[in-house]
file final.cif (mmCIF, C-alpha atoms)
data_my_file
loop_
_atom_site.label_atom_id
_atom_site.label_comp_id
_atom_site.auth_asym_id
_atom_site.auth_seq_id
_atom_site.Cartn_x
_atom_site.Cartn_y
_atom_site.Cartn_z
CA MET A 1 91.56 105.26 120.72
CA TYR A 2 88.89 107.95 120.75
CA SER A 3 85.34 106.97 119.95
CA VAL A 4 84.61 106.54 116.25
CA ASN A 5 81.68 105.59 114.02
CA TYR A 6 82.41 102.67 111.70
CA HIS A 7 80.68 102.37 108.31
CA ARG A 8 81.14 99.63 105.75
CA ALA A 9 80.70 101.09 102.26
CA SER A 10 78.63 99.10 99.77
CA SER A 11 80.18 100.79 96.72
CA VAL A 12 82.62 103.56 95.82
CA ALA A 13 79.67 105.96 95.39
CA ASP A 14 78.37 104.95 98.82
CA ALA A 15 81.85 105.52 100.29
CA ALA A 16 81.94 109.01 98.74
CA LYS A 17 78.59 109.76 100.37
CA LEU A 18 79.65 108.37 103.76
CA LEU A 19 82.85 110.44 103.64
CA LYS A 20 80.71 113.55 104.05
CA ASN A 21 80.03 112.53 107.69
CA GLY A 22 81.89 114.84 110.09
CA ASP A 23 85.63 114.37 109.90
CA ALA A 24 85.44 110.99 108.16
CA LYS A 25 88.44 109.03 106.89
CA LEU A 26 88.67 106.11 104.50
CA LEU A 27 89.75 102.83 106.06
CA SER A 28 91.37 100.18 103.91
CA GLY A 29 93.83 97.73 105.47
CA GLY A 30 94.21 100.02 108.48
CA MET A 31 97.86 99.13 108.99
CA THR A 32 98.78 102.80 109.48
CA LEU A 33 95.46 104.43 110.34
CA ILE A 34 94.52 102.13 113.23
CA PRO A 35 97.91 102.42 115.00
CA ALA A 36 97.68 106.21 114.47
CA MET A 37 94.22 106.21 116.05
CA LYS A 38 95.38 104.04 118.95
CA THR A 39 98.12 106.54 119.74
CA ARG A 40 95.65 109.39 119.14
CA LEU A 41 97.77 110.86 116.37
CA ALA A 42 94.63 110.54 114.26
CA ALA A 43 91.11 110.98 115.58
CA PRO A 44 88.57 110.79 112.75
CA SER A 45 84.91 110.99 113.77
CA ASP A 46 83.94 108.32 111.22
CA LEU A 47 85.65 105.49 109.37
CA VAL A 48 84.45 104.42 105.94
CA ASP A 49 85.68 100.89 105.24
CA VAL A 50 86.32 100.23 101.54
CA SER A 51 88.50 97.15 102.01
CA ARG A 52 85.77 94.67 101.02
CA LEU A 53 84.70 96.41 97.80
CA LYS A 54 85.22 93.86 95.02
CA ASP A 55 85.59 96.63 92.38
CA LEU A 56 88.74 97.82 94.15
CA GLN A 57 90.46 94.45 94.26
CA GLY A 58 92.77 92.49 92.06
CA VAL A 59 95.56 92.78 89.51
CA LYS A 60 94.72 92.98 85.79
CA VAL A 61 97.35 92.55 83.10
CA SER A 62 96.28 93.40 79.57
CA GLY A 63 99.19 93.38 77.14
CA LYS A 64 101.71 95.80 78.62
CA THR A 65 99.13 97.62 80.77
CA ILE A 66 98.91 96.65 84.41
CA THR A 67 96.05 97.85 86.61
CA ILE A 68 95.89 97.18 90.34
CA GLY A 69 92.76 97.84 92.38
CA ALA A 70 93.29 100.22 95.28
CA ALA A 71 92.19 97.72 97.94
CA THR A 72 94.50 94.95 96.69
CA THR A 73 96.62 93.78 99.61
CA HIS A 74 100.42 93.72 99.56
CA TYR A 75 100.20 89.93 99.85
CA ASP A 76 97.99 89.66 96.76
CA VAL A 77 100.29 91.97 94.79
CA SER A 78 103.39 90.03 95.87
CA THR A 79 101.94 86.65 94.90
CA ASP A 80 100.02 87.52 91.72
CA GLU A 81 101.33 85.19 89.00
CA LYS A 82 100.43 87.55 86.11
CA LEU A 83 102.21 90.44 87.79
CA LYS A 84 105.25 88.30 88.61
CA LYS A 85 105.63 87.78 84.85
CA ALA A 86 104.71 91.31 83.69
CA CYS A 87 106.50 93.35 86.38
CA PRO A 88 108.34 91.11 88.86
CA ALA A 89 110.03 94.13 90.47
CA LEU A 90 106.72 95.41 91.84
CA ALA A 91 105.69 91.98 93.16
CA HIS A 92 109.11 91.72 94.84
CA MET A 93 108.76 95.21 96.34
CA ALA A 94 105.36 94.31 97.82
CA SER A 95 106.89 91.19 99.41
CA LEU A 96 109.29 93.45 101.36
CA ILE A 97 106.64 95.57 103.10
CA GLY A 98 106.23 95.06 106.86
CA ASP A 99 105.69 91.43 107.83
CA PRO A 100 103.36 88.67 106.58
CA ALA A 101 100.42 89.70 108.81
CA VAL A 102 100.77 93.35 107.74
CA ARG A 103 100.93 92.32 104.07
CA HIS A 104 97.69 90.36 104.51
CA LYS A 105 95.84 93.56 105.42
CA GLY A 106 97.70 96.60 104.05
CA THR A 107 96.72 97.85 100.59
CA ILE A 108 98.37 99.72 97.72
CA GLY A 109 95.72 102.45 97.76
CA GLY A 110 96.10 102.99 101.49
CA SER A 111 99.87 103.17 101.23
CA ILE A 112 99.95 105.80 98.49
CA ALA A 113 97.11 107.88 99.97
CA ASN A 114 99.10 108.02 103.22
CA ASN A 115 102.36 108.79 101.36
CA ASP A 116 104.63 108.03 104.30
CA PRO A 117 108.10 109.38 103.43
CA ALA A 118 109.57 105.92 104.13
CA ALA A 119 106.88 103.84 102.37
CA ASP A 120 107.86 101.63 99.43
CA TYR A 121 104.93 102.04 97.02
CA PRO A 122 105.42 105.78 96.38
CA ALA A 123 108.93 105.05 95.03
CA ALA A 124 107.60 102.23 92.85
CA LEU A 125 104.75 104.23 91.37
CA LEU A 126 106.91 107.29 90.76
CA ALA A 127 109.59 105.20 89.03
CA LEU A 128 106.97 103.34 86.99
CA GLY A 129 105.37 106.64 85.93
CA ALA A 130 102.05 105.20 87.10
CA THR A 131 98.66 106.85 86.84
CA ILE A 132 96.58 107.08 90.00
CA ILE A 133 92.90 106.64 89.19
CA THR A 134 90.32 108.14 91.56
CA ASN A 135 86.53 108.33 91.54
CA LYS A 136 86.94 111.78 89.97
CA ARG A 137 90.00 111.83 87.69
CA GLU A 138 93.37 110.39 86.75
CA ILE A 139 96.56 111.82 88.27
CA GLY A 140 100.12 111.15 87.09
CA ALA A 141 102.48 109.94 89.82
CA ASP A 142 104.76 112.96 89.18
CA LYS A 143 101.90 115.22 90.29
CA PHE A 144 100.36 112.90 92.90
CA PHE A 145 103.08 112.74 95.57
CA LYS A 146 103.34 116.25 97.03
CA GLY A 147 105.34 116.05 100.24
CA LEU A 148 105.43 114.40 103.66
CA PHE A 149 102.10 112.57 104.00
CA GLU A 150 100.74 114.93 101.33
CA THR A 151 99.16 113.99 98.00
CA ALA A 152 97.17 115.69 95.26
CA LEU A 153 93.97 114.02 96.57
CA LYS A 154 91.16 116.45 97.27
CA GLU A 155 88.62 116.22 100.08
CA GLY A 156 86.31 113.27 99.48
CA GLU A 157 88.38 111.85 96.60
CA ILE A 158 88.84 108.07 96.59
CA ILE A 159 91.65 106.17 94.86
CA THR A 160 90.12 103.28 92.93
CA ALA A 161 93.17 101.87 91.09
CA VAL A 162 96.66 102.49 89.82
CA SER A 163 97.74 101.76 86.29
CA PHE A 164 101.08 101.67 84.49
CA THR A 165 102.89 100.29 81.47
CA ALA A 166 105.20 97.37 82.24
CA PRO A 167 108.82 98.56 82.08
CA THR A 168 111.44 96.67 80.08
CA LYS A 169 113.62 96.43 83.15
CA ALA A 170 113.01 97.31 86.80
CA ALA A 171 114.14 96.51 90.33
CA TYR A 172 113.80 97.77 93.88
CA GLN A 173 116.40 97.71 96.63
CA LYS A 174 115.96 98.97 100.15
CA PHE A 175 118.22 99.49 103.11
CA ARG A 176 116.07 98.92 106.16
CA ASN A 177 116.23 100.50 109.54
CA PRO A 178 117.23 97.48 111.65
CA ALA A 179 114.58 98.24 114.30
CA SER A 180 111.55 99.65 112.48
CA ARG A 181 112.35 97.82 109.21
CA TYR A 182 111.18 100.88 107.28
CA ALA A 183 113.40 102.07 104.44
CA ILE A 184 116.25 104.36 105.46
CA VAL A 185 116.76 104.47 101.72
CA GLY A 186 114.77 102.61 99.06
CA VAL A 187 115.50 102.99 95.35
CA PHE A 188 113.20 101.84 92.54
CA VAL A 189 114.80 101.87 89.09
CA THR A 190 112.94 101.41 85.79
CA LYS A 191 113.88 101.41 82.13
CA GLY A 192 111.04 101.69 79.66
CA LYS A 193 109.89 103.46 76.53
CA ASP A 194 110.13 106.84 78.28
CA GLY A 195 113.71 106.25 79.35
CA VAL A 196 115.14 105.66 82.80
CA ARG A 197 113.31 106.70 85.97
CA VAL A 198 114.81 106.42 89.44
CA ALA A 199 112.70 107.14 92.52
CA VAL A 200 113.96 107.32 96.09
CA THR A 201 112.00 106.78 99.30
CA GLY A 202 113.03 107.09 102.94
CA ALA A 203 115.53 109.86 102.29
CA GLY A 204 113.90 113.03 100.99
CA GLU A 205 113.01 115.87 103.34
CA ASP A 206 109.95 116.31 101.16
CA GLY A 207 109.16 112.64 100.75
CA VAL A 208 109.63 110.51 97.64
CA PHE A 209 111.59 112.09 94.75
CA ARG A 210 113.27 111.30 91.44
CA CYS A 211 117.05 111.38 91.48
CA LYS A 212 118.05 113.34 88.36
CA GLU A 213 121.78 112.70 88.74
CA ILE A 214 121.32 108.93 88.72
CA GLU A 215 118.73 109.08 85.92
CA ALA A 216 121.13 111.08 83.73
CA ALA A 217 124.01 108.65 84.31
CA LEU A 218 121.85 105.58 83.67
CA ALA A 219 120.23 107.11 80.55
CA LYS A 220 123.70 107.06 78.96
CA ASN A 221 124.55 103.58 80.16
CA PHE A 222 122.09 101.38 82.08
CA ASP A 223 124.75 99.59 84.05
CA ALA A 224 125.76 99.67 87.72
CA ALA A 225 129.26 100.76 86.63
CA ALA A 226 127.75 103.98 85.22
CA LEU A 227 127.21 105.07 88.84
CA ASP A 228 130.83 104.56 89.94
CA GLY A 229 132.03 107.71 91.68
CA LEU A 230 128.66 109.43 91.31
CA LYS A 231 127.86 111.78 94.19
CA VAL A 232 124.23 112.36 95.09
CA PRO A 233 123.79 115.80 96.67
CA ALA A 234 122.89 115.59 100.38
CA LYS A 235 120.97 118.86 100.23
CA GLU A 236 117.25 118.32 100.90
CA LEU A 237 117.85 114.86 102.37
CA MET A 238 116.62 113.90 105.84
CA SER A 239 118.94 113.82 108.83
CA ASP A 240 117.74 112.03 111.93
CA ILE A 241 118.99 109.72 114.69
CA HIS A 242 119.05 106.83 112.23
CA ALA A 243 121.14 108.37 109.46
CA SER A 244 122.63 111.71 108.47
CA ALA A 245 121.87 113.35 105.12
CA ASP A 246 125.39 112.50 103.89
CA TYR A 247 124.96 108.86 104.87
CA ARG A 248 121.62 108.72 103.06
CA ALA A 249 123.15 110.38 99.97
CA ASN A 250 125.78 107.67 99.85
CA LEU A 251 123.20 104.93 100.41
CA ILE A 252 121.09 106.22 97.50
CA ALA A 253 123.96 105.60 95.08
CA VAL A 254 124.68 102.18 96.65
CA MET A 255 121.04 101.06 96.52
CA ALA A 256 120.68 102.41 92.97
CA LYS A 257 123.70 100.36 91.88
CA ARG A 258 122.26 97.23 93.45
CA ALA A 259 118.87 97.92 91.86
CA VAL A 260 120.40 98.36 88.38
CA ALA A 261 122.41 95.16 88.82
CA ALA A 262 119.22 93.33 89.85
CA ALA A 263 117.26 94.84 86.94
CA ASN A 264 119.94 93.66 84.48
CA ALA A 265 120.26 90.21 86.04
CA MET B 1 77.83 100.51 118.66
CA SER B 2 78.34 97.75 116.11
CA ASP B 3 76.73 94.35 115.92
CA VAL B 4 79.59 91.97 115.41
CA SER B 5 78.90 88.51 113.99
CA LEU B 6 81.76 86.10 113.56
CA THR B 7 82.43 82.43 113.13
CA VAL B 8 85.12 81.74 115.72
CA ASN B 9 86.76 78.32 115.83
CA GLY B 10 83.77 76.87 114.01
CA LYS B 11 81.10 78.42 116.23
CA ARG B 12 78.86 81.30 115.22
CA VAL B 13 79.02 84.10 117.75
CA SER B 14 77.65 87.59 117.87
CA GLY B 15 77.74 90.51 120.20
CA SER B 16 77.51 94.24 120.41
CA ALA B 17 80.64 96.33 120.82
CA GLU B 18 81.76 99.92 120.55
CA ASP B 19 82.94 100.69 117.02
CA ARG B 20 86.45 101.35 118.33
CA THR B 21 86.74 97.90 119.94
CA LEU B 22 89.76 96.04 118.62
CA LEU B 23 89.29 92.47 117.44
CA VAL B 24 91.72 91.20 120.10
CA HIS B 25 89.65 92.79 122.87
CA PHE B 26 86.44 91.40 121.41
CA LEU B 27 87.98 87.92 121.40
CA ARG B 28 89.42 88.19 124.89
CA GLU B 29 86.81 90.20 126.76
CA HIS B 30 83.54 89.49 124.97
CA LEU B 31 84.20 85.87 124.03
CA GLY B 32 86.59 84.94 126.86
CA LEU B 33 89.18 83.59 124.42
CA THR B 34 92.22 84.78 126.34
CA GLY B 35 94.68 82.58 124.45
CA THR B 36 95.22 85.47 122.03
CA HIS B 37 97.60 87.86 123.77
CA VAL B 38 98.22 91.59 123.66
CA GLY B 39 101.97 92.12 123.73
CA CYS B 40 103.22 95.40 122.29
CA ASP B 41 99.81 96.73 121.20
CA THR B 42 101.60 98.49 118.32
CA SER B 43 101.39 95.82 115.58
CA GLN B 44 104.99 94.76 115.98
CA CYS B 45 105.24 91.75 118.28
CA GLY B 46 102.66 89.38 116.81
CA ALA B 47 101.41 87.94 120.12
CA CYS B 48 97.87 88.77 118.92
CA VAL B 49 98.02 86.95 115.57
CA VAL B 50 94.81 85.11 114.63
CA HIS B 51 93.52 83.91 111.26
CA VAL B 52 90.82 86.02 109.65
CA ASP B 53 89.27 84.36 106.58
CA GLY B 54 92.29 82.10 106.33
CA ARG B 55 95.00 84.71 106.67
CA ALA B 56 97.20 85.55 109.65
CA VAL B 57 96.53 89.09 110.87
CA LYS B 58 97.37 91.13 113.94
CA SER B 59 94.13 91.34 115.88
CA CYS B 60 95.36 94.38 117.83
CA THR B 61 95.34 96.34 114.57
CA MET B 62 91.88 95.46 113.34
CA LEU B 63 88.50 96.59 114.61
CA ALA B 64 85.99 93.95 115.63
CA ALA B 65 83.53 95.78 113.35
CA GLN B 66 85.91 95.36 110.40
CA ALA B 67 86.04 91.62 111.06
CA SER B 68 82.27 91.21 111.30
CA GLY B 69 81.10 88.55 108.85
CA SER B 70 84.49 86.83 108.86
CA THR B 71 85.66 83.39 109.91
CA ILE B 72 88.25 83.50 112.67
CA VAL B 73 90.57 80.86 114.03
CA THR B 74 92.39 81.49 117.31
CA ILE B 75 94.90 79.37 119.21
CA GLU B 76 91.96 77.74 121.05
CA GLY B 77 90.69 76.40 117.72
CA LEU B 78 93.75 74.41 116.70
CA ALA B 79 93.78 71.31 118.92
CA ASP B 80 91.40 68.46 118.17
CA GLY B 81 90.08 67.79 121.66
CA ALA B 82 93.00 66.51 123.72
CA GLU B 83 95.13 65.99 120.62
CA LEU B 84 97.46 68.89 119.94
CA HIS B 85 97.73 70.40 116.47
CA PRO B 86 101.01 69.27 114.81
CA VAL B 87 102.47 72.78 115.24
CA GLN B 88 101.58 72.81 118.94
CA ALA B 89 103.04 69.32 119.34
CA ALA B 90 106.25 70.40 117.60
CA PHE B 91 106.62 73.48 119.86
CA LYS B 92 106.28 71.14 122.87
CA GLU B 93 108.67 68.54 121.45
CA HIS B 94 111.38 71.04 120.42
CA HIS B 95 110.94 73.35 123.40
CA GLY B 96 109.92 76.26 121.16
CA LEU B 97 108.94 78.43 124.10
CA GLN B 98 110.12 79.66 127.46
CA CYS B 99 107.62 81.95 129.18
CA GLY B 100 104.99 81.20 126.56
CA PHE B 101 103.63 84.70 126.12
CA CYS B 102 104.49 84.99 122.43
CA THR B 103 103.62 81.36 121.72
CA PRO B 104 99.96 81.69 120.60
CA GLY B 105 100.99 84.27 118.01
CA MET B 106 104.04 82.24 116.97
CA ILE B 107 101.87 79.16 116.45
CA MET B 108 99.17 81.03 114.51
CA THR B 109 101.86 82.59 112.31
CA ALA B 110 103.50 79.19 111.87
CA THR B 111 100.29 77.43 110.79
CA ASP B 112 99.62 80.23 108.28
CA MET B 113 103.22 80.05 107.02
CA ILE B 114 103.08 76.27 106.56
CA ALA B 115 99.76 76.55 104.70
CA ARG B 116 101.22 79.17 102.34
CA HIS B 117 104.30 77.03 101.58
CA PRO B 118 102.97 73.62 100.54
CA GLU B 119 106.29 73.08 98.73
CA GLY B 120 107.98 72.97 102.16
CA LEU B 121 110.03 75.39 104.25
CA ASP B 122 113.71 76.02 104.82
CA GLU B 123 115.33 77.80 107.74
CA ALA B 124 115.89 81.08 105.89
CA THR B 125 112.23 81.24 104.83
CA VAL B 126 111.00 80.50 108.36
CA ARG B 127 113.23 83.21 109.83
CA ALA B 128 112.11 85.75 107.21
CA GLU B 129 108.45 84.84 107.73
CA LEU B 130 108.84 85.33 111.51
CA GLU B 131 109.65 89.01 110.91
CA GLY B 132 106.42 90.08 112.63
CA ASN B 133 106.68 87.88 115.74
CA ILE B 134 108.93 88.79 118.62
CA CYS B 135 110.13 86.43 121.38
CA ARG B 136 111.97 88.18 124.23
CA CYS B 137 112.91 85.11 126.27
CA THR B 138 114.87 82.55 124.51
CA GLY B 139 115.53 83.53 120.93
CA TYR B 140 114.23 81.91 117.83
CA HIS B 141 116.34 78.80 117.39
CA ASN B 142 113.92 76.26 118.84
CA ILE B 143 110.92 78.09 117.40
CA VAL B 144 112.42 77.74 113.92
CA LYS B 145 113.25 74.08 114.62
CA ALA B 146 109.67 73.42 115.76
CA ILE B 147 108.16 75.07 112.67
CA LEU B 148 110.43 73.13 110.32
CA ALA B 149 109.56 69.86 112.09
CA ALA B 150 105.82 70.62 112.02
CA SER B 151 106.00 71.51 108.35
CA GLU B 152 107.52 68.08 107.60
CA THR B 153 105.05 66.21 109.79
CA MET B 154 102.14 67.98 108.14
CA ALA B 155 103.48 67.35 104.61
CA LYS B 156 103.77 63.63 105.43
CA GLY B 157 100.27 63.65 106.92
CA ALA B 158 98.89 65.31 103.78
CA LYS B 159 100.61 62.73 101.56
CA GLY B 160 99.27 59.93 103.77
CA LYS B 161 95.76 61.31 103.43
CA ALA B 162 96.15 61.69 99.66
CA ARG B 163 97.27 58.05 99.44
CA GLN B 164 94.30 56.93 101.51
CA ALA B 165 91.98 58.94 99.29
CA ALA B 166 93.53 57.39 96.18
#
call {"tool": "encode", "arguments": {"input": "final.cif", "output": "structure tokens"}}
result
Amino acid sequence: MYSVNYHRASSVADAAKLLKNGDAKLLSGGMTLIPAMKTRLAAPSDLVDVSRLKDLQGVKVSGKTITIGAATTHYDVSTDEKLKKACPALAHMASLIGDPAVRHKGTIGGSIANNDPAADYPAALLALGATIITNKREIGADKFFKGLFETALKEGEIITAVSFTAPTKAAYQKFRNPASRYAIVGVFVTKGKDGVRVAVTGAGEDGVFRCKEIEAALAKNFDAAALDGLKVPAKELMSDIHASADYRANLIAVMAKRAVAAANA
Amino acid sequence: MSDVSLTVNGKRVSGSAEDRTLLVHFLREHLGLTGTHVGCDTSQCGACVVHVDGRAVKSCTMLAAQASGSTIVTIEGLADGAELHPVQAAFKEHHGLQCGFCTPGMIMTATDMIARHPEGLDEATVRAELEGNICRCTGYHNIVKAILAASETMAKGAKGKARQAA
């Protein structure tokens, strides 16, 4: 790791100020940033640690509205009793990230700000139609996730929370790479007042995306059988040593079916 | 440079380290606690697992500066003098190790796992919870056996204590 200056922010405003130092980066759980710095894929001059800010922590459920602080760890999301009642699919998804030690440190804000094309949270937030709240504005998930490791966040902008309305039904299914355990394909399905939303991670050449073909079929009939024989186009899907675009296209339909079955169970 | 103050295995310690110093290196090189191992150095193998404020984390993926102010428990902090911690005793009893390199991390993960599952553990849960710990010698069979046995011993111990308290 190259030399770096570590700062512990005392508030979100303090973090925004500290971010003006050189080529500073926000540090939350560090489960991606620190390995990237160790391999010198990232070399920020300064790190601004926001992981201990109380304002950024915790899950709030108020009626149908769920708000999760950006520095809430995957472990805290996966075990939150209120969330397990209001949106069990998201708690379940968080329990599938990495391993226990990673879930103890990694945070929802860090995961979506990084927007790894194989990360789980981007699929969840896109399918839930969540709002990403920053220190400057609110951004809809449809506009937030831009591409591979790219988001709508501007220089110096800090995610403080995410918020969404609890869906009527939802579930997440992922097919893991047997070595890295990242999603080769992960599908998050929701049914709520705005209809059916289906988001796919791990497969898109441009990162997380909504699968219109599956959404259309499920809007007519929210049942796994509605996807029988459905072909997801392989165009714009990733091909790599782990899986071809055709293989991923097939897996998307399979994972979507399993997710719908789980959501209806 | 950062001033790092920690409570490690019940003792308050402090030192100065470069901001980029990883917690595992601070423990090993500044404090001489070499029981915590560096295996893969890429957050996958779990040989470096320690408890930070009561939670198992990979100390190769955390800066010492990030941990400053925290309470840390390492493998050296588990035994009570000459008496092994029940998880250590179970690893010995069930031969849950071969070369021993992964063992400190396995044991720190196991104690965290047992604490998070007061209702008890089954084999499937133990195997799933060991996702982040890799053993390259002998496989996981005896490790799983040892964790299950320790979980039972500790549950009985807790009940015994509760009875004494009542």
call {"tool": "closest_residue", "arguments": {"input": "final.cif", "among": "A:Gly147, A:Gly69, A:Pro44, A:Gly22", "to": "chain B", "atoms": "only C-alpha atoms"}}
result
A:Pro44
call {"tool": "resolve_selection", "arguments": {"input": "final.cif", "expression": "the PyMOL selection byres ((chain A and resi 264) around 9)", "output": "list of chain:residue names"}}
result
A:Lys169, A:Ala170, A:Ala171, A:Phe222, A:Asp223, A:Ala224, A:Ala259, A:Val260, A:Ala261, A:Ala262, A:Ala263, A:Ala265
call {"tool": "resolve_selection", "arguments": {"input": "final.cif", "expression": "the PyMOL selection byres ((chain B) within 7 of (chain A))", "output": "list in words"}}
result
Asp19, Arg20, Thr42, Arg55, Ala56, Val57, Lys58, Thr61, Glu129, Glu131 and Gly132 of chain B
call {"tool": "atom_distance", "arguments": {"input": "final.cif", "atom1": "CA of Ala67 (chain B)", "atom2": "CA of Ala71 (chain A)"}}
result
15.7 Å
call {"tool": "residues_around", "arguments": {"input": "final.cif", "residues": "Ala149 (chain B)", "least_positions_apart": "3", "cutoff": "10 Å", "atoms": "all atoms listed in the file", "output": "count of residues only"}}
result
16
call {"tool": "residues_near_point", "arguments": {"input": "final.cif", "point": "(79.9, 94.2, 114.3)", "cutoff": "9 Å", "atoms": "only C-alpha atoms", "output": "compact mmCIF listing (two decimals) with C-alpha atoms, in the frame of the given file"}}
result
# COMPACT_ATOMS: atom_id res chain seq x y z
CA MET B 1 77.83 100.51 118.66
CA SER B 2 78.34 97.75 116.11
CA ASP B 3 76.73 94.35 115.92
CA VAL B 4 79.59 91.97 115.41
CA SER B 5 78.90 88.51 113.99
CA LEU B 6 81.76 86.10 113.56
CA SER B 14 77.65 87.59 117.87
CA GLY B 15 77.74 90.51 120.20
CA SER B 16 77.51 94.24 120.41
CA ALA B 17 80.64 96.33 120.82
CA GLU B 18 81.76 99.92 120.55
CA ASP B 19 82.94 100.69 117.02
CA LEU B 63 88.50 96.59 114.61
CA ALA B 64 85.99 93.95 115.63
CA ALA B 65 83.53 95.78 113.35
CA GLN B 66 85.91 95.36 110.40
CA ALA B 67 86.04 91.62 111.06
CA SER B 68 82.27 91.21 111.30
CA GLY B 69 81.10 88.55 108.85
call {"tool": "resolve_selection", "arguments": {"input": "final.cif", "expression": "the PyMOL selection byres ((chain A and resi 194-196) around 7)", "output": "ChimeraX atom specification"}}
result
/A:190-193,197-198,215,218-219
call {"tool": "residues_near_point", "arguments": {"input": "final.cif", "point": "(112.5, 97.9, 105.5)", "cutoff": "9 Å", "atoms": "only C-alpha atoms", "output": "list in words"}}
result
Leu96, Ile97, Gly98, Ala118, Ala119, Asp120, Lys174, Phe175, Arg176, Asn177, Pro178, Ser180, Arg181, Tyr182, Ala183, Ile184, Val185 and Gly186 of chain A
call {"tool": "residues_around", "arguments": {"input": "final.cif", "residues": "Gly156 (chain A)", "least_positions_apart": "3", "cutoff": "8 Å", "atoms": "only C-alpha atoms", "output": "number ranges by chain"}}
result
A: 16, 19-20
call {"tool": "residues_around", "arguments": {"input": "final.cif", "residues": "Leu97 (chain B)", "least_positions_apart": "3", "cutoff": "9 Å", "atoms": "all atoms listed in the file", "output": "number ranges by chain"}}
result
B: 91-92, 94, 100-103, 135, 137-140, 142-143
call {"tool": "atom_distance", "arguments": {"input": "final.cif", "atom1": "CA of Ser59 (chain B)", "atom2": "CA of Val24 (chain B)"}}
result
4.9 Å
call {"tool": "atom_distance", "arguments": {"input": "final.cif", "atom1": "CA of Leu148 (chain B)", "atom2": "CA of Val73 (chain B)"}}
result
21.6 Å
call {"tool": "decode", "arguments": {"input": "final.cif", "residues": "region 51-97 of chain B", "atoms": "C-alpha atoms", "output": "PDB file, in the first residue's frame"}}
result
ATOM      1  CA  HIS B  51     -12.338  -9.655  17.437  1.00  0.00           C
ATOM      2  CA  VAL B  52     -12.736  -5.891  17.228  1.00  0.00           C
ATOM      3  CA  ASP B  53     -15.360  -4.534  19.642  1.00  0.00           C
ATOM      4  CA  GLY B  54     -16.837  -7.999  19.927  1.00  0.00           C
ATOM      5  CA  ARG B  55     -17.017  -8.851  16.247  1.00  0.00           C
ATOM      6  CA  ALA B  56     -14.787 -11.117  14.171  1.00  0.00           C
ATOM      7  CA  VAL B  57     -12.962  -9.133  11.489  1.00  0.00           C
ATOM      8  CA  LYS B  58     -10.070  -9.743   9.134  1.00  0.00           C
ATOM      9  CA  SER B  59      -7.202  -7.750  10.590  1.00  0.00           C
ATOM     10  CA  CYS B  60      -5.349  -7.753   7.252  1.00  0.00           C
ATOM     11  CA  THR B  61      -8.155  -5.613   5.823  1.00  0.00           C
ATOM     12  CA  MET B  62      -8.343  -2.963   8.505  1.00  0.00           C
ATOM     13  CA  LEU B  63      -5.943  -0.159   9.308  1.00  0.00           C
ATOM     14  CA  ALA B  64      -4.545   0.072  12.819  1.00  0.00           C
ATOM     15  CA  ALA B  65      -5.686   3.723  12.749  1.00  0.00           C
ATOM     16  CA  GLN B  66      -9.257   2.621  12.001  1.00  0.00           C
ATOM     17  CA  ALA B  67      -9.175   0.327  15.028  1.00  0.00           C
ATOM     18  CA  SER B  68      -7.826   2.979  17.394  1.00  0.00           C
ATOM     19  CA  GLY B  69     -10.115   3.302  20.412  1.00  0.00           C
ATOM     20  CA  SER B  70     -11.391  -0.255  20.019  1.00  0.00           C
ATOM     21  CA  THR B  71     -11.221  -3.334  22.205  1.00  0.00           C
ATOM     22  CA  ILE B  72      -9.418  -6.222  20.540  1.00  0.00           C
ATOM     23  CA  VAL B  73      -9.220  -9.882  21.416  1.00  0.00           C
ATOM     24  CA  THR B  74      -6.614 -12.064  19.703  1.00  0.00           C
ATOM     25  CA  ILE B  75      -5.891 -15.777  20.004  1.00  0.00           C
ATOM     26  CA  GLU B  76      -3.462 -14.959  22.852  1.00  0.00           C
ATOM     27  CA  GLY B  77      -6.377 -13.558  24.866  1.00  0.00           C
ATOM     28  CA  LEU B  78      -8.557 -16.662  24.945  1.00  0.00           C
ATOM     29  CA  ALA B  79      -6.885 -19.058  27.389  1.00  0.00           C
ATOM     30  CA  ASP B  80      -7.221 -18.456  31.119  1.00  0.00           C
ATOM     31  CA  GLY B  81      -3.614 -18.941  32.177  1.00  0.00           C
ATOM     32  CA  ALA B  82      -2.759 -22.590  31.546  1.00  0.00           C
ATOM     33  CA  GLU B  83      -6.405 -23.490  31.023  1.00  0.00           C
ATOM     34  CA  LEU B  84      -7.393 -23.554  27.368  1.00  0.00           C
ATOM     35  CA  HIS B  85     -10.542 -21.808  26.172  1.00  0.00           C
ATOM     36  CA  PRO B  86     -13.277 -24.416  25.447  1.00  0.00           C
ATOM     37  CA  VAL B  87     -12.865 -23.847  21.689  1.00  0.00           C
ATOM     38  CA  GLN B  88      -9.100 -24.369  21.921  1.00  0.00           C
ATOM     39  CA  ALA B  89      -9.648 -27.482  24.036  1.00  0.00           C
ATOM     40  CA  ALA B  90     -12.143 -28.838  21.495  1.00  0.00           C
ATOM     41  CA  PHE B  91      -9.721 -28.260  18.576  1.00  0.00           C
ATOM     42  CA  LYS B  92      -7.095 -30.235  20.535  1.00  0.00           C
ATOM     43  CA  GLU B  93      -9.525 -32.995  21.511  1.00  0.00           C
ATOM     44  CA  HIS B  94     -11.006 -33.445  18.009  1.00  0.00           C
ATOM     45  CA  HIS B  95      -7.762 -32.882  16.123  1.00  0.00           C
ATOM     46  CA  GLY B  96      -9.159 -29.801  14.374  1.00  0.00           C
ATOM     47  CA  LEU B  97      -5.798 -28.868  12.901  1.00  0.00           C
TER      48      LEU B  97
END
